[in-house]
Every structure is written in structure tokens, then in C-alpha cells.
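Engineer: Would you mind keeping the following structure in view while I ask a few things?
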Amino acid sequence: MSKGKGASNINGNFDTLTPKADGPQLNIFNASSVAEIKATLFHLREQEATVTARLDALLASQKDFSRELSRLDLLRANLGSQASTTRSVSHGMLSGAAATADRVSSAVRRLDLEQARVKATLEVVEQVAELKACVLGVAGSMGAPQDWEMAASYLSRASRIPPDVINGSFAAEIVPTAEVPDPPNVTLYNAAESLCGLFLREFDKAVKENNGSKITRFFKLFPLIGRSEVGLDVYGRYVCQGVAARARANLNTGTGGSQGKDGFFYANTLTKLFEHIAQIIDGHGGLVERHYGAGKMVRVIERLQMEADVQGCIIIDTWSDEKTVDRKLTDIKSYAFNFLVQSFLPVQRGGVASRTASPASREAAQGGSIDDEGVDMKEIDGILSEMAVMLGRWSLYSQFLGNKCNISQTGPTNHQSGSLSLPEFLMESPLTKKINDRLITPFNSMTTFFLRRSVEKAFQLDEQPSDLSLNPHKPLNAEPPHITSAVDDIMYIVNKVLQQSVATSQIPVVMNVVPTLSRVLGSDFIGMIQRKMRDEHYPKGPVQGTQPPEQTVIAFLVLINNLDVAVDYIRRIIQGHIEKTESQQQSNTAEATSEQQNGLVAVFPLSNDAAVVTQALQSLSSSFESKANDLLSDSIQVVFNNVVKHRLRPILADAFRDIEYQPRDDSDPTSTYDTGNEEDDDASRAELVRPRFASAWKELILPISRILTPGSFDRLLGLTVGYLARLLEKRLWSYHGRINALGTTRLDRDVSGIISSVIDIGAGHGAPGRYRHRDAFTRCAQIVLVMGMEDEEWEDSIQQDASVVDKLTVEEQKRARAMVQ
């Protein structure tokens, strides 16, 4: 068999190994030349050699192939014998053991099932026995002994038995006795109803007797008989009676007296109401949670909130009626703001806007108060303050209830990681709606009026600082910053209103007041200053190019100070509300660290309210600062154009008067400065430009620098220095052909002296960033530098890519170089 298979493989391989010629087959019979016959023979020899080599290889491997086949036959024989032995062992020895194991496992399963059934039966029997004991115990305790606690404890034990056991047929057969013939479920229900009625009567009796121990005794029994809701309701009614009685007593304290009209009587009454409820929740919450379970205090809180709604609405309505809030709101809406309106009307030519109720007119009226046209600002201020207190107390009370409800429902651990949220029953309560209608809405309206009226009155009473003068030799008696009285008055009101609004912890209040502040400051405050700058104190000389009147210039500079100081005030006020307090930053205790985060977070703990308030405050600051800076830039430009600019060219011309930069040699310094005064010493003849310029520059800038704030003066100095640098550059270019190598050295000294004089005046008056003004003269300094370069230094500078003369183009450098003769 093996040989036959080998022969077939050889034949098959012979067929496959026959070489195939590439291209057309070569046939010796078709050859037409000797060359083709030789090629064909050569090809046939190659094929013969290849086939012979492959056949030799196959024959050489035939022995190994036969040996492997023999080994496989032996392995197959051994495997057959092992398979037969295995089958005999399986059928002869293991079949019986397998059958036995199956019978044992089936018996064990049946035994487990029977055991489980027995346990279940025993458990039911025990539960029925416990049920019978409870039924008999309830009946016995409610009999002659009248041991209500024991009866309640039996009912509590019976409540832990599954209802299907109590209502089952087995219990109905076993539990009833001659003394208690009813089914157990009926007996227990009747006993619970009877005890509930009894406990209610005893609880009400204890309340009438004001017996605290009996009240607590029967309050603890309601959950034992499965009447937790009844117990919570009756307890809530009991504590609400105390809340109502205390609230009425507090409210009646001020009836007919002066407390209701003066001070914060109603705010204090509302505070006492909230504090009383908070004390009840704190003091009784542990008792309720211990006997009724976690989260059950929320039901009592809801009942207390219903009473708080009633009493709180009474307090707010009484306050609103006594303070005649509705009438004041009507007066506020009808107030016309005549002074503000007239101030913004176009001023007739030749006329000046009047300042009604100015200090002069006030003195003329013999100390009479300003006519508020029927609106008493002192009353409005008092009402706003009392409303702010009420809203602040309401916010604290709401946060307290939110914390208590969240802790009761989620537990202290989970509550610490979650954000505070108010319960739904509080958000939809009548007191919440009353506060929105009677407190928040009037507060927003009155605050808007109070702000605008305060701005109006501040400008009506506005006074310029006294004893200001542009004479540098006359001392200034007033302390800087030199501003009008309106700025301090208005910023005080802004800070007060902002503090009141933030203290309420009410997002609707803050989100109304902050935009109102921004609107009033942007339109009324900045608008009034702009109108005064334009119509009353615009610095304009009687003739083109002449100096404006001194008092007009001073008044205009003071108005500039008003803007600069107001920006600083607003920035500090806003940062004071946003940033941490100093005591919070210095606190190192772990408890303080966890609580004293951002000040607004403590005031606005709900959701992302603190972030919203922070963004609103920052928007107020940035908006006001942007508007004020726009007007500040325009006003600084006016001062430069009308007061400073036309004096710069004569100052510079006078500094270089009669100065020539073509000396014959170093030994003749008088040839540099043709002064005509031979008695001057060498130092005076050597340097005249700087003293002349410094004196005139100081005379021009020093009076202004004494009055302006450092920030405003720095802006003016920036404009002035930039213009002066351009004038000086033009003068330098004008020396083309009128300067030699020696003159460039002295010109460099004079230019440096002018630059130093300019910087010194800023350094002497605290202008911020004064040294940056030196950069304005960089082109001038580099022009002089190029003029004075040696030939080798000049060639190196031109050839270098990064020249020190970086502000001049190549053409300008060549032009400067060509100026020197």
C-alpha cells in the first residue's frame, strides 16, 4: 500500500515538476537551422537535469517516509487497546458509583427543601405566637391597669410582624380567645384607634395645663401605635399656638406707642418671629427625629411655616399700612427730578445753568431745608433701612430652613457635599409672595429713587474746594485730592445702597440695584460732570490763543479730579464686597478656613448666586470706569489744547534764544552762546538752555500738578511730553547746516537737560510711571547721537543689523549725519 501511494506521488510530482518553456514551445522537427536544433537540444538537456535532480531527492526521502508510517501504525494499535480498556472500566466500575451519587444528591436536595419548609413553618408559628402575645398584652394593658406605654409597646411589636401573617387564616384560628374573640387584625386596629383618640385627648389636656412632661410623654407614643402623622400634626399645631401667641404679644407691644413709628419695630418683630421658629426647630428637632425617624421634622417645619405665613403677612401688612408705603411709592413715581432735567437742557447763549438750593440760596432761606417736592428723603432712607433688615432676616431664615430640610432628608454627610437649595413649600408659601410684593418690589423702586435723588441733591449742594490757586507761591490750604463735595456725598450713598442690597442676600434685589447704580452713575453723575465741563467751566480764553481765566481752569481741573477719584472710589467699594476681609485672610484655623471663603459665598450660599453677584459687581465697576475714563481722556485733551499746548512753543523758543552751535574751537566757549553779557561766569555761559527751559516749564506745569490727582496729571503730562518731543525734534531738524562737530556735544547736553527737567517735574509730584515719559524723547536723543558719532562708529552702526539707533530710519540717520558741517 505504501509503495503504491509513493508511486502515485512520484508520478504526480513528475507531472508538476516538468519544466515549461517560456514563450513558444521548441520542436526539433520544426527547426529550420542548425542553431535552432542546438538550442532545442540544450533546452531539453536542462529539463532532463532538473527532473533527474528532483527524482533523486524524492527517492532519497522514501526511506524516512516509510519509517514514519510504520510508527503511526504502531501508535494506532496501542491507542485501540487503551480505548478498549477505558470502556471496560467505565461500564464495569464507575456506572454504579455515578448512580449512587445521583441518588444521594437528590436526597440531600429533598432534605434541604423539607428543612426550609420546617424553618418557615416555625417562623410563622413564632410570629403567630408573638402576635397572640401582643394581642393579649394590648387587651390586658388597656384593661384595668391602663398602662398606655405598655399597650403602645405591644402595638409597636405587632407592627413588626408581616401583614400576611396578621391577616392569614392560621392567625385567625389560633390568636382569638374567649377574652379577645375578634381576629387579630381587627383587635389591633381597634386598639390603635382607641389609643390614638385617648392620646389626642390627653395631649390636648396637657397643652391646656401647660404640662411639658405630659406633652412629651404622649407625643412619644404616637409613632408606637402607627399614627406618626397624627402625632406630628398635633405637635405642629401645639408649637404653632406658641408661635402665634408670641407673635401677637410682640406685635401688640408697640401698639399705640412710639416704637411702631420710630426705629425698626416691625423689622425686630419679624426677626423675633423667625428666631422663635428657629429655636423650636433646633430645640425639638432632635426629639422628633429620635422618636419618629429621620426626615420627619420636615412635616413639623411645614406646619410651622404655615403659621409663619400668617403671622409674617400680618406684620408686613401692618408695617406697610403704618408707613404708608403705597402712598410713598406713588409720590416717588410722580417725582420729576427738575434739577437733573434742567441741568441737561441746552444752556441759552450767554446764560449759566442755575444751581437751585445751592449753599448761598440755602443761607438766604435762613437755614430752611431743601424742598423735596413732597418726598421726605429721611423717611425713604428709614423705610429702605428697615426693609433691608427684614429682607436680610428673611434670607437667613430661608437658608436655615433649607439647611434643616436638606440635612433631615439627605443626612449631615451628604449635605456637606451638596449645594444649598430651598424647600419647595417655602418657595411657594404666601409669605414668600408677600415679601416679593411688599418688600422686594418697593425696595427696588425706592432704591432707584433714593439714588437719583441723592445724586441730584449732592449736585444741588455741590461746593468747590476753597483756596485753590494757580500761583505756585501761594499755599493750598485744602488737603488733596481736590474735589467737590458731591463726589464724597454720592460715593457714600453708593456704598451704603450697595451694602444694604448685598446684606439682603436677595438675588432679585442685587440684580436690580446694581444695574440701577450703573445706570445712575453713568447717566446722572458722569453726565452732570460732563455738562458742567461743557457749559459752566470750559477753559477757553476770551481771545484765540490766550490763557483762560484762572478760576475757570481750576474748576475744570477739579471736575477732572472728580472723575479720577470717583473711579478709585467705585473700584475700592466693589473690591471690598468681592474680596476676602483682612480678618478672614489672617485666620488660620481649620474651621474658619472651611467657612470663610469668598465673602459673597457666605451671603449668597444658594447654587451659583455668589458668582452671579460677583459678575454683576465687576460689570458695574468696569462699565463706570470705562465711561469715566472716556470723559477723563477728553477733558485732559481739552486742558492740553486750551491751557498747555499754546505755551509750549514759546517756552522752547525762549530756551534756545540766541543759542548757536557753531563754535570755532573748544577754547572759545563764548562762541557757543552769544549772550552779550561778558560778566557771566564760565558755567553760566556754558549752559543756558536748561535753566531757561526748567524755569518756564515749572511755571507752566507746577500749578496744574498741585491741583490734579497724580493719575490725571500723569495723563496730561503724557500728552504734553509727546507734543513737546515733536516740537523739539522739529527744532533739531532745523539746525541743518548750522551745527558743527563741537556743537553737537553741547546740543546733546542741552537736549539731555530739557529731558531731565521734564522728568523732574513729574518726579516731584508723584505722577505714576513718570520715567516712561523719557521714551517720548528717544528720537530726539538718537538724532543728537547720530550727529555726534565718529566716522568709524558711524560706519559700524550702518553696517550692523541691530543698530542702537532703532527709532530712526536709515534715511533719517543719513539726514541727521548730514546736518553737521
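Labels used: A, B, ... for chains in the order of the C-alpha cells, numbers from 1 for residues in each chain, and numbers from 1 for ligands as shown.
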Could you give me, as a ChimeraX atom specification, the residues within 9 Å of Phe264 (chain A), counting only C-alpha atoms and dropping anything in the same chain fewer than 5 positions from it?

Structural biologist: /A:259,269,382-383,385-386,389

Engineer: Let me see the file: selected residues, N, CA and C atoms, as a PDB file, in the first residue's frame.

Structural biologist:
ATOM      1  N   GLN A 259     -42.778 103.021  69.469  1.00  0.00           N
ATOM      2  CA  GLN A 259     -41.890 102.058  68.845  1.00  0.00           C
ATOM      3  C   GLN A 259     -42.331 101.719  67.436  1.00  0.00           C
ATOM      4  N   THR A 269     -39.793  92.798  65.161  1.00  0.00           N
ATOM      5  CA  THR A 269     -40.882  91.850  65.406  1.00  0.00           C
ATOM      6  C   THR A 269     -40.790  90.665  64.447  1.00  0.00           C
ATOM      7  N   GLY A 382     -35.201 105.718  56.004  1.00  0.00           N
ATOM      8  CA  GLY A 382     -35.590 104.844  57.111  1.00  0.00           C
ATOM      9  C   GLY A 382     -36.342 103.610  56.643  1.00  0.00           C
ATOM     10  N   ILE A 383     -37.250 103.814  55.684  1.00  0.00           N
ATOM     11  CA  ILE A 383     -38.011 102.670  55.157  1.00  0.00           C
ATOM     12  C   ILE A 383     -37.086 101.696  54.441  1.00  0.00           C
ATOM     13  N   SER A 385     -33.907 101.200  55.002  1.00  0.00           N
ATOM     14  CA  SER A 385     -33.092 100.501  56.002  1.00  0.00           C
ATOM     15  C   SER A 385     -33.897  99.403  56.679  1.00  0.00           C
ATOM     16  N   GLU A 386     -35.177  99.690  57.012  1.00  0.00           N
ATOM     17  CA  GLU A 386     -35.990  98.674  57.680  1.00  0.00           C
ATOM     18  C   GLU A 386     -36.321  97.530  56.728  1.00  0.00           C
ATOM     19  N   VAL A 389     -33.315  95.275  56.538  1.00  0.00           N
ATOM     20  CA  VAL A 389     -33.211  94.389  57.700  1.00  0.00           C
ATOM     21  C   VAL A 389     -34.193  93.233  57.570  1.00  0.00           C
TER      22      VAL A 389
END

Engineer: Do a neighbour search on Cys134 (chain A) at 10 Å with only C-alpha atoms, toss out local chain neighbours closer than 3 positions, and write the hits as a list in words.

Structural biologist: Val128, Ala129, Glu130, Leu131, Gly137, Val138, Ala139, Gly140, Ala151, Ser153, Tyr154, Leu155, Ser156, Arg157, Ala158, Ser159, Val175, Pro184 and Leu188 of chain A

Engineer: For the residues in that selection, give me N, CA and C atoms as a compact mmCIF listing (two decimals), in the first residue's frame.

Structural biologist:
# COMPACT_ATOMS: atom_id res chain seq x y z
N VAL A 128 -46.91 34.00 64.93
CA VAL A 128 -48.28 33.93 65.41
C VAL A 128 -48.30 33.95 66.94
N ALA A 129 -47.32 33.25 67.53
CA ALA A 129 -47.23 33.28 68.99
C ALA A 129 -46.96 34.69 69.48
N GLU A 130 -46.02 35.39 68.79
CA GLU A 130 -45.73 36.78 69.15
C GLU A 130 -46.97 37.64 68.94
N LEU A 131 -47.71 37.38 67.87
CA LEU A 131 -48.92 38.15 67.61
C LEU A 131 -49.95 37.92 68.70
N GLY A 137 -51.48 41.15 75.26
CA GLY A 137 -50.86 42.22 76.03
C GLY A 137 -51.57 43.55 75.85
N VAL A 138 -51.97 43.85 74.61
CA VAL A 138 -52.70 45.10 74.37
C VAL A 138 -54.01 45.10 75.13
N ALA A 139 -54.74 43.98 75.03
CA ALA A 139 -56.03 43.91 75.72
C ALA A 139 -55.84 44.01 77.23
N GLY A 140 -54.82 43.32 77.74
CA GLY A 140 -54.60 43.38 79.18
C GLY A 140 -54.15 44.74 79.65
N ALA A 151 -49.26 49.21 76.41
CA ALA A 151 -50.15 48.91 75.29
C ALA A 151 -49.54 49.41 73.98
N SER A 153 -46.36 49.81 73.37
CA SER A 153 -45.20 48.98 73.03
C SER A 153 -45.62 47.66 72.40
N TYR A 154 -46.78 47.07 72.90
CA TYR A 154 -47.28 45.84 72.28
C TYR A 154 -47.71 46.10 70.84
N LEU A 155 -48.35 47.22 70.61
CA LEU A 155 -48.75 47.56 69.23
C LEU A 155 -47.52 47.77 68.35
N SER A 156 -46.48 48.38 68.92
CA SER A 156 -45.25 48.57 68.15
C SER A 156 -44.61 47.23 67.80
N ARG A 157 -44.64 46.27 68.76
CA ARG A 157 -44.12 44.94 68.47
C ARG A 157 -44.94 44.25 67.39
N ALA A 158 -46.27 44.39 67.46
CA ALA A 158 -47.15 43.77 66.48
C ALA A 158 -46.95 44.36 65.10
N SER A 159 -46.54 45.65 65.01
CA SER A 159 -46.34 46.29 63.70
C SER A 159 -45.15 45.71 62.96
N VAL A 175 -55.05 32.86 67.25
CA VAL A 175 -54.91 34.01 68.15
C VAL A 175 -56.17 34.29 68.96
N PRO A 184 -57.08 38.98 64.90
CA PRO A 184 -56.01 39.85 65.41
C PRO A 184 -55.93 41.19 64.69
N LEU A 188 -56.12 44.67 66.74
CA LEU A 188 -55.04 45.65 66.73
C LEU A 188 -55.49 47.01 66.18

Engineer: Residues at most 8 Å from Leu195 (chain A), counting only C-alpha atoms, excluding those fewer than 5 positions away in the same chain, as an MDAnalysis selection string?

Structural biologist: chainID A and resid 148 152 225

Engineer: Name all residues at most 10 Å from region 241-253 of chain A (count only C-alpha atoms; drop same-chain ones fewer than 5 positions away) and give them as a PDB file with N, CA and C atoms, in the first residue's frame.

Structural biologist:
ATOM      1  N   VAL A 207     -51.642  70.208  76.983  1.00  0.00           N
ATOM      2  CA  VAL A 207     -51.374  71.526  76.400  1.00  0.00           C
ATOM      3  C   VAL A 207     -52.110  72.608  77.162  1.00  0.00           C
ATOM      4  N   TYR A 235     -48.595  67.896  67.208  1.00  0.00           N
ATOM      5  CA  TYR A 235     -47.434  68.585  67.762  1.00  0.00           C
ATOM      6  C   TYR A 235     -47.188  69.895  67.021  1.00  0.00           C
ATOM      7  N   GLY A 236     -47.322  69.859  65.680  1.00  0.00           N
ATOM      8  CA  GLY A 236     -47.180  71.089  64.925  1.00  0.00           C
ATOM      9  C   GLY A 236     -48.212  72.121  65.323  1.00  0.00           C
ATOM     10  N   GLN A 259     -42.778 103.021  69.469  1.00  0.00           N
ATOM     11  CA  GLN A 259     -41.890 102.058  68.845  1.00  0.00           C
ATOM     12  C   GLN A 259     -42.331 101.719  67.436  1.00  0.00           C
ATOM     13  N   GLY A 260     -43.637 101.755  67.204  1.00  0.00           N
ATOM     14  CA  GLY A 260     -44.115 101.413  65.878  1.00  0.00           C
ATOM     15  C   GLY A 260     -43.776 102.448  64.845  1.00  0.00           C
ATOM     16  N   PHE A 265     -39.139  98.747  64.654  1.00  0.00           N
ATOM     17  CA  PHE A 265     -40.003  97.899  65.470  1.00  0.00           C
ATOM     18  C   PHE A 265     -40.516  96.691  64.684  1.00  0.00           C
ATOM     19  N   TYR A 266     -41.015  96.926  63.490  1.00  0.00           N
ATOM     20  CA  TYR A 266     -41.593  95.823  62.725  1.00  0.00           C
ATOM     21  C   TYR A 266     -40.510  94.866  62.220  1.00  0.00           C
ATOM     22  N   ASN A 268     -37.788  94.242  63.864  1.00  0.00           N
ATOM     23  CA  ASN A 268     -37.444  93.455  65.049  1.00  0.00           C
ATOM     24  C   ASN A 268     -38.526  92.429  65.369  1.00  0.00           C
ATOM     25  N   THR A 269     -39.793  92.798  65.161  1.00  0.00           N
ATOM     26  CA  THR A 269     -40.882  91.850  65.406  1.00  0.00           C
ATOM     27  C   THR A 269     -40.790  90.665  64.447  1.00  0.00           C
ATOM     28  N   LEU A 270     -40.532  90.944  63.177  1.00  0.00           N
ATOM     29  CA  LEU A 270     -40.376  89.864  62.210  1.00  0.00           C
ATOM     30  C   LEU A 270     -39.151  89.003  62.554  1.00  0.00           C
ATOM     31  N   LYS A 272     -37.944  88.472  65.567  1.00  0.00           N
ATOM     32  CA  LYS A 272     -38.311  87.644  66.725  1.00  0.00           C
ATOM     33  C   LYS A 272     -39.162  86.451  66.294  1.00  0.00           C
ATOM     34  N   LEU A 273     -40.045  86.658  65.326  1.00  0.00           N
ATOM     35  CA  LEU A 273     -40.856  85.544  64.822  1.00  0.00           C
ATOM     36  C   LEU A 273     -39.960  84.468  64.224  1.00  0.00           C
ATOM     37  N   PHE A 274     -39.031  84.861  63.374  1.00  0.00           N
ATOM     38  CA  PHE A 274     -38.132  83.884  62.755  1.00  0.00           C
ATOM     39  C   PHE A 274     -37.228  83.222  63.794  1.00  0.00           C
ATOM     40  N   HIS A 276     -37.889  82.716  66.957  1.00  0.00           N
ATOM     41  CA  HIS A 276     -38.681  81.784  67.764  1.00  0.00           C
ATOM     42  C   HIS A 276     -38.882  80.461  67.025  1.00  0.00           C
ATOM     43  N   ILE A 277     -39.202  80.548  65.755  1.00  0.00           N
ATOM     44  CA  ILE A 277     -39.382  79.322  64.963  1.00  0.00           C
ATOM     45  C   ILE A 277     -38.056  78.559  64.864  1.00  0.00           C
ATOM     46  N   ILE A 280     -37.445  76.683  68.047  1.00  0.00           N
ATOM     47  CA  ILE A 280     -38.283  75.489  68.149  1.00  0.00           C
ATOM     48  C   ILE A 280     -37.710  74.360  67.302  1.00  0.00           C
ATOM     49  N   LEU A 304     -45.016  74.670  60.833  1.00  0.00           N
ATOM     50  CA  LEU A 304     -44.559  75.937  61.395  1.00  0.00           C
ATOM     51  C   LEU A 304     -44.524  77.040  60.342  1.00  0.00           C
ATOM     52  N   GLU A 307     -47.808  78.719  59.920  1.00  0.00           N
ATOM     53  CA  GLU A 307     -48.058  79.740  60.932  1.00  0.00           C
ATOM     54  C   GLU A 307     -47.197  80.968  60.689  1.00  0.00           C
ATOM     55  N   ALA A 308     -45.954  80.732  60.239  1.00  0.00           N
ATOM     56  CA  ALA A 308     -45.094  81.874  59.909  1.00  0.00           C
ATOM     57  C   ALA A 308     -45.696  82.688  58.767  1.00  0.00           C
ATOM     58  N   VAL A 310     -48.861  83.186  58.193  1.00  0.00           N
ATOM     59  CA  VAL A 310     -49.955  84.000  58.745  1.00  0.00           C
ATOM     60  C   VAL A 310     -49.397  85.178  59.528  1.00  0.00           C
ATOM     61  N   GLN A 311     -48.536  84.897  60.476  1.00  0.00           N
ATOM     62  CA  GLN A 311     -48.031  85.961  61.339  1.00  0.00           C
ATOM     63  C   GLN A 311     -47.128  86.923  60.575  1.00  0.00           C
ATOM     64  N   GLY A 312     -46.288  86.409  59.684  1.00  0.00           N
ATOM     65  CA  GLY A 312     -45.413  87.280  58.907  1.00  0.00           C
ATOM     66  C   GLY A 312     -46.180  88.210  57.990  1.00  0.00           C
ATOM     67  N   ILE A 314     -49.170  89.317  58.510  1.00  0.00           N
ATOM     68  CA  ILE A 314     -49.802  90.333  59.366  1.00  0.00           C
ATOM     69  C   ILE A 314     -48.792  91.433  59.696  1.00  0.00           C
ATOM     70  N   ILE A 315     -47.581  91.046  60.065  1.00  0.00           N
ATOM     71  CA  ILE A 315     -46.561  92.035  60.428  1.00  0.00           C
ATOM     72  C   ILE A 315     -46.229  92.928  59.237  1.00  0.00           C
ATOM     73  N   THR A 318     -49.175  95.280  58.377  1.00  0.00           N
ATOM     74  CA  THR A 318     -49.297  96.347  59.373  1.00  0.00           C
ATOM     75  C   THR A 318     -48.201  97.383  59.172  1.00  0.00           C
TER      76      THR A 318
END

Engineer: May I have the residues within 12 Å of region 576-579 of chain A as a ChimeraX atom specification, using only C-alpha atoms and disregarding those fewer than 3 positions away in the same chain?

Structural biologist: /A:495-496,498-503,569-573,582-585,596-604,610-618,621

Engineer: Enumerate, as a PDB file with C-alpha atoms, in the first residue's frame, the complete set of residues in region 199-271 of chain A that a backbone-based DSSP assignment places in alpha helix (DSSP H).

Structural biologist:
ATOM      1  CA  PHE A 199     -53.577  60.159  73.350  1.00  0.00           C
ATOM      2  CA  LEU A 200     -55.107  63.089  71.493  1.00  0.00           C
ATOM      3  CA  ARG A 201     -57.341  63.918  74.424  1.00  0.00           C
ATOM      4  CA  GLU A 202     -54.531  63.589  76.912  1.00  0.00           C
ATOM      5  CA  PHE A 203     -52.190  65.638  74.694  1.00  0.00           C
ATOM      6  CA  ASP A 204     -54.728  68.465  74.384  1.00  0.00           C
ATOM      7  CA  LYS A 205     -55.319  68.333  78.123  1.00  0.00           C
ATOM      8  CA  ALA A 206     -51.615  68.574  78.803  1.00  0.00           C
ATOM      9  CA  VAL A 207     -51.374  71.526  76.400  1.00  0.00           C
ATOM     10  CA  LYS A 208     -54.141  73.344  78.259  1.00  0.00           C
ATOM     11  CA  GLU A 209     -52.428  72.617  81.560  1.00  0.00           C
ATOM     12  CA  GLY A 212     -44.445  69.837  79.397  1.00  0.00           C
ATOM     13  CA  SER A 213     -43.669  66.366  80.723  1.00  0.00           C
ATOM     14  CA  LYS A 214     -47.110  65.017  79.805  1.00  0.00           C
ATOM     15  CA  ILE A 215     -46.905  66.663  76.391  1.00  0.00           C
ATOM     16  CA  THR A 216     -43.606  64.889  75.734  1.00  0.00           C
ATOM     17  CA  ARG A 217     -44.958  61.611  77.184  1.00  0.00           C
ATOM     18  CA  PHE A 218     -47.930  61.325  74.854  1.00  0.00           C
ATOM     19  CA  PHE A 219     -46.081  62.839  71.861  1.00  0.00           C
ATOM     20  CA  SER A 228     -46.893  59.239  63.310  1.00  0.00           C
ATOM     21  CA  GLU A 229     -48.703  61.673  61.018  1.00  0.00           C
ATOM     22  CA  VAL A 230     -51.330  62.365  63.681  1.00  0.00           C
ATOM     23  CA  GLY A 231     -48.646  62.936  66.283  1.00  0.00           C
ATOM     24  CA  LEU A 232     -46.670  65.293  64.026  1.00  0.00           C
ATOM     25  CA  ASP A 233     -49.789  67.237  63.117  1.00  0.00           C
ATOM     26  CA  VAL A 234     -50.965  67.671  66.700  1.00  0.00           C
ATOM     27  CA  TYR A 235     -47.434  68.585  67.762  1.00  0.00           C
ATOM     28  CA  GLY A 236     -47.180  71.089  64.925  1.00  0.00           C
ATOM     29  CA  ARG A 237     -50.487  72.607  65.996  1.00  0.00           C
ATOM     30  CA  TYR A 238     -49.208  72.838  69.553  1.00  0.00           C
ATOM     31  CA  VAL A 239     -45.969  74.643  68.674  1.00  0.00           C
ATOM     32  CA  CYS A 240     -47.816  76.897  66.246  1.00  0.00           C
ATOM     33  CA  GLN A 241     -50.079  78.050  69.048  1.00  0.00           C
ATOM     34  CA  GLY A 242     -46.983  79.161  70.913  1.00  0.00           C
ATOM     35  CA  VAL A 243     -45.632  80.887  67.821  1.00  0.00           C
ATOM     36  CA  ALA A 244     -48.904  82.740  67.243  1.00  0.00           C
ATOM     37  CA  ALA A 245     -49.175  83.787  70.869  1.00  0.00           C
ATOM     38  CA  ARG A 246     -45.592  85.068  70.949  1.00  0.00           C
ATOM     39  CA  ALA A 247     -46.006  86.898  67.620  1.00  0.00           C
ATOM     40  CA  ARG A 248     -49.202  88.616  68.786  1.00  0.00           C
ATOM     41  CA  ALA A 249     -47.527  89.632  72.027  1.00  0.00           C
ATOM     42  CA  ASN A 250     -44.547  91.083  70.197  1.00  0.00           C
ATOM     43  CA  LEU A 251     -46.763  92.949  67.751  1.00  0.00           C
ATOM     44  CA  ASN A 252     -49.036  94.336  70.464  1.00  0.00           C
ATOM     45  CA  THR A 253     -46.062  95.626  72.434  1.00  0.00           C
ATOM     46  CA  PHE A 265     -40.003  97.899  65.470  1.00  0.00           C
ATOM     47  CA  TYR A 266     -41.593  95.823  62.725  1.00  0.00           C
ATOM     48  CA  ALA A 267     -38.249  94.517  61.492  1.00  0.00           C
ATOM     49  CA  ASN A 268     -37.444  93.455  65.049  1.00  0.00           C
ATOM     50  CA  THR A 269     -40.882  91.850  65.406  1.00  0.00           C
ATOM     51  CA  LEU A 270     -40.376  89.864  62.210  1.00  0.00           C
ATOM     52  CA  THR A 271     -36.898  88.896  63.428  1.00  0.00           C
TER      53      THR A 271
END

Engineer: Find the residues around His646 (chain A) up to 9 Å (only C-alpha atoms counted), leave out those fewer than 4 positions away in its own chain, and share them as a ChimeraX atom specification.

Structural biologist: /A:545-547,640-642,650

Engineer: Please produce a file of the residues just selected, as a PDB file, in the first residue's frame, where the atoms kept are C-alpha atoms.

Structural biologist:
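Contents of selection-v5.pdb, freshly written:
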ATOM      1  CA  GLY A 545      -4.598 131.607  21.875  1.00  0.00           C
ATOM      2  CA  THR A 546      -4.918 133.448  25.184  1.00  0.00           C
ATOM      3  CA  GLN A 547      -4.967 131.888  28.629  1.00  0.00           C
ATOM      4  CA  PHE A 640      -3.809 120.312  26.989  1.00  0.00           C
ATOM      5  CA  ASN A 641      -5.253 122.075  23.965  1.00  0.00           C
ATOM      6  CA  ASN A 642      -6.560 125.193  25.760  1.00  0.00           C
ATOM      7  CA  PRO A 650       7.249 129.906  23.126  1.00  0.00           C
TER       8      PRO A 650
END
